[in-house]
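Student: Got a structure here, written out as structure tokens. Questions coming.
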Amino acid sequence: MRAREIPTLALDSYQRAARVALSNHLVTATYPDRIALPLLRRWATELREDLLDLFGYRLEVTETTARLFPVMDDLDASQPARTASDRVFDRRRYAYLALALATLGRAGNQITLSELADHVTSEAGQVDGVELATDRASDRDAFVDAVGWLAARGAISLADGDAGGWANNPAAGEALYDIERSVVVALFRPPRAVQHLRSVTGLLTGSDLPMDDEDDEGDTPRSTDPKETLRKIRRALVEKPVVYFDDLDQDGRTALASVKTVADVELLTGLTSERRAEGVTLIDTSGRMSDIRFPSTGTIAQVALLLAGEMSDRVVDPDAPELSRHPIDKESDLVDRLDAAIPGGGIFDDLAEFGHGRSTGGDAGEPALYPFVENSWLASTVTELVDRFGRTFAAQWQADPEGLRERAITMLDRLRLIHRISGGVLVLPAIARYRDVMVSVKDRAPQNSLFDETTDHSDTAEAGNAAEQGNRGAHDD
């Protein structure tokens, strides 16, 4: 492992480079910032070896881009594409993004926004269920979101005009973009063509790797490569907020329990591990690798923290009725539903491959059972929290407790502190670390009037500025 050879004074720089590569699979001259690419280029040789050895990841570094090709072991919806306003991409935006990227791959050095829209419109018309009508404002907004995602990563850069002006009025607004060919090429490098797949599991690059299967006799499982088992556990450590022993088979549990397995990831990333009886998590004290910080500021994060504490107390409350317990649905159910929706007409039968499902559960024995909390309890608890602490929440959430509950639950689900199922959530063990949450509320100073009649105009301006700062401090968002 090359990280062990890095001098102590340079180790922090190397670990920062590793965190950048793992958290941003594409790095360009401007994304995620202007210092990321020079940092990766400095440590490119060492990173290539360590990322391949520890995780099986391949890193390509050029003068203009750095591209990490991860190995996907299971389906993961926790890192969707997002708009500039942090809105998750829907199916329409994903379709526009794919079609725009295909158009840019065939274009010259520059392209106008209207020209790009015309090409996407033409291509969309050949796909059932996809349409871009530039005379429809919602379509234009979705298209501009897809273009903005590409611009943020440096695939295109604005040379003249304004995309917002085009979105408001295509007849009056226009934008001209320079195309960065190397970034466009680096963005889309699929391991296989979609038209060659009959199962969504074929999208998992991990399906090319050794895995458990039955031998020719049909009754004896083949053993998994121990080195690949270690890589799979390390991948889970850097890709998932928490890795639970119950999610793993016996070989995986043994690998996760090994001190060296986790220590190698700690050395490479600079993160700190936290071990519990139920599993292991890596703590990012730098705040630069995690895509979501928790605990954090803001109404949603604070309500999520309070709700986590309430759920933890409910699970262990001896005076409350005992909660029912349920297992987590296996990924195979989701795979079956997705495979059933694949349009067979677009598949090239002669080249088609069958994806292989990959188990994400534990041993074949009884599955782990987790306490079930109903939606009605969650709704009443969030309403109580709004009643008690609502004066410190952002105004929009004070008036929308249902929306606040949904966003808080989504955050806890992404952190693997709970698991959403029909009718409620399953409470996972790691949530217990947030028991006994301490709440400190800072009330605003009372203000009877905007202007004090006893002061002159200069004092009034100063008082007004002070009041504005006080209001900012009292709001979470």
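How things are named: the first chain in the structure tokens is A, the next is B, and so on; residues count from 1 in each chain; ligands count from 1 in the order shown.
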What are the nearest atom pairs, with distances in Å to one decimal, for all residues of segment 8-42 of chain A that come at most 10 Å from segment 267-284 of chain A, using only C-alpha atoms, set out by chain and rising residue number as JSON lines?
Tutor:
{"residue": "A:Leu11", "atom": "CA", "partner": "A:Gly270", "partner_atom": "CA", "distance": 8.8}
{"residue": "A:Asp12", "atom": "CA", "partner": "A:Gly270", "partner_atom": "CA", "distance": 7.4}
{"residue": "A:Ser13", "atom": "CA", "partner": "A:Gly270", "partner_atom": "CA", "distance": 10.0}
{"residue": "A:Tyr14", "atom": "CA", "partner": "A:Leu268", "partner_atom": "CA", "distance": 7.8}
{"residue": "A:Gln15", "atom": "CA", "partner": "A:Thr269", "partner_atom": "CA", "distance": 4.8}
{"residue": "A:Arg16", "atom": "CA", "partner": "A:Thr269", "partner_atom": "CA", "distance": 7.1}
{"residue": "A:Ala17", "atom": "CA", "partner": "A:Thr269", "partner_atom": "CA", "distance": 8.5}
{"residue": "A:Ala18", "atom": "CA", "partner": "A:Thr269", "partner_atom": "CA", "distance": 5.8}
{"residue": "A:Arg19", "atom": "CA", "partner": "A:Thr269", "partner_atom": "CA", "distance": 5.7}
{"residue": "A:Val20", "atom": "CA", "partner": "A:Thr269", "partner_atom": "CA", "distance": 9.4}
{"residue": "A:Leu22", "atom": "CA", "partner": "A:Thr269", "partner_atom": "CA", "distance": 8.9}
Student: List every residue of segment 106-196 of chain A that DSSP, applied to the backbone of this structure, places in strand (DSSP E or B), and write the result as JSON, numbers by chain.
Tutor: {"A": [110, 111, 112, 156, 157, 158, 159, 160, 161, 175, 176, 177, 178, 179]}
Student: Residues of the last selection are to be written out with N, CA and C atoms, as a CSV table (one decimal), in the first residue's frame.
Tutor:
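Output below, filename selection-v1.csv:
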chain,number,residue,atom,x,y,z
A,110,GLN,N,-18.3,24.6,-30.4
A,110,GLN,CA,-19.3,25.5,-29.8
A,110,GLN,C,-20.7,25.0,-30.2
A,111,ILE,N,-21.7,25.4,-29.3
A,111,ILE,CA,-23.1,25.1,-29.7
A,111,ILE,C,-24.0,26.1,-28.9
A,112,THR,N,-25.0,26.5,-29.5
A,112,THR,CA,-26.0,27.4,-28.9
A,112,THR,C,-27.0,26.6,-28.1
A,156,ILE,N,-19.4,21.8,-20.6
A,156,ILE,CA,-19.6,23.0,-21.4
A,156,ILE,C,-19.4,24.2,-20.5
A,157,SER,N,-19.0,25.3,-21.1
A,157,SER,CA,-18.8,26.6,-20.4
A,157,SER,C,-19.5,27.7,-21.2
A,158,LEU,N,-20.2,28.6,-20.4
A,158,LEU,CA,-20.9,29.7,-21.1
A,158,LEU,C,-20.0,30.7,-21.7
A,159,ALA,N,-20.1,30.9,-23.0
A,159,ALA,CA,-19.3,31.9,-23.7
A,159,ALA,C,-20.0,33.2,-23.9
A,160,ASP,N,-21.3,33.1,-24.0
A,160,ASP,CA,-22.1,34.4,-24.2
A,160,ASP,C,-23.6,34.1,-23.9
A,161,GLY,N,-24.3,35.1,-23.5
A,161,GLY,CA,-25.7,34.9,-23.3
A,161,GLY,C,-26.1,34.4,-21.9
A,175,ALA,N,-28.1,31.4,-25.5
A,175,ALA,CA,-26.8,31.2,-24.8
A,175,ALA,C,-25.9,30.4,-25.7
A,176,LEU,N,-24.6,30.8,-25.7
A,176,LEU,CA,-23.6,30.1,-26.5
A,176,LEU,C,-22.6,29.4,-25.5
A,177,TYR,N,-22.3,28.1,-25.8
A,177,TYR,CA,-21.4,27.4,-24.9
A,177,TYR,C,-20.2,26.8,-25.7
A,178,ASP,N,-19.1,26.9,-25.0
A,178,ASP,CA,-17.9,26.2,-25.5
A,178,ASP,C,-18.0,24.7,-25.0
A,179,ILE,N,-17.6,23.8,-25.9
A,179,ILE,CA,-17.6,22.4,-25.5
A,179,ILE,C,-16.2,21.9,-25.2
Student: So which one's closest to Arg34 of chain A, A:Ser138, A:Asp246, A:Arg153, A:Asp90? Using only C-alpha atoms, please.
Tutor: A:Arg153
Student: For a test of reading the model, state the distance in Å between atom CA of Thr30 of chain A and atom CA of Ala152 of chain A, rounded to one decimal.
Tutor: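 Separating atom CA of Thr30 of chain A from atom CA of Ala152 of chain A is a distance of 8.1 Å.
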Student: Give the answer as one residue: which of A:Ile233, A:Ala301, A:Ala142, A:Leu52 has the shortest atom-to-atom distance to Arg2 of chain A, using only C-alpha atoms?
Tutor: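 Looking only at the distances to Arg2 of chain A, the closest residue turns out to be A:Leu52.
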Student: Could you tell me, as a PyMOL selection string, which residues of segment 223-416 of chain A DSSP assigns to helix (DSSP H, G or I) when given the backbone?
Tutor: chain A and resi 226-239+245-247+250-257+259-269+299-316+331-340+344-346+349-351+375-392+395-398+401-414
Student: If we count only C-alpha atoms and set the cut-off at 8 Å, which residues sit around segment 368-370 of chain A, ignoring sequence neighbours fewer than 3 positions away in its own chain? Please answer as a ChimeraX atom specification.
Tutor: /A:246,325-328,426-428
Student: Write the residues of the preceding selection, restricted to N, CA and C atoms, as a compact mmCIF listing (two decimals), in the first residue's frame.
Tutor:
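Below is the file result.txt, written as the result:
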# COMPACT_ATOMS: atom_id res chain seq x y z
N ASP A 246 -25.35 -7.50 9.82
CA ASP A 246 -26.51 -8.27 9.37
C ASP A 246 -26.70 -8.23 7.86
N ARG A 325 -41.71 -6.17 14.77
CA ARG A 325 -40.40 -6.21 14.10
C ARG A 325 -40.53 -6.89 12.75
N HIS A 326 -39.80 -6.34 11.77
CA HIS A 326 -39.89 -6.86 10.40
C HIS A 326 -38.51 -6.90 9.77
N PRO A 327 -38.30 -7.76 8.78
CA PRO A 327 -37.02 -7.79 8.05
C PRO A 327 -37.00 -6.73 6.97
N ILE A 328 -35.82 -6.41 6.49
CA ILE A 328 -35.67 -5.50 5.36
C ILE A 328 -35.86 -6.30 4.07
N LEU A 426 -38.46 1.15 9.42
CA LEU A 426 -37.76 0.24 10.32
C LEU A 426 -36.60 0.99 10.96
N VAL A 427 -36.48 0.92 12.27
CA VAL A 427 -35.45 1.65 13.00
C VAL A 427 -34.20 0.79 13.07
N LEU A 428 -33.09 1.29 12.49
CA LEU A 428 -31.84 0.53 12.43
C LEU A 428 -30.95 0.87 13.63
Student: Nearest to Thr45 of chain A among A:Gly202, A:Ala3, A:Val437, A:Ala84, with distances taken over only C-alpha atoms: which residue is it?
Tutor: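 Nearest candidate to Thr45 of chain A out of A:Gly202, A:Ala3, A:Val437, A:Ala84: A:Ala3.
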Student: Between A:Leu54, A:Ala399, A:Ala340, A:Leu203, single out the one closest to Thr261 of chain A, counting only C-alpha atoms.
Tutor: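 Of A:Leu54, A:Ala399, A:Ala340, A:Leu203, the one nearest Thr261 of chain A, counting only C-alpha atoms, is A:Leu54.
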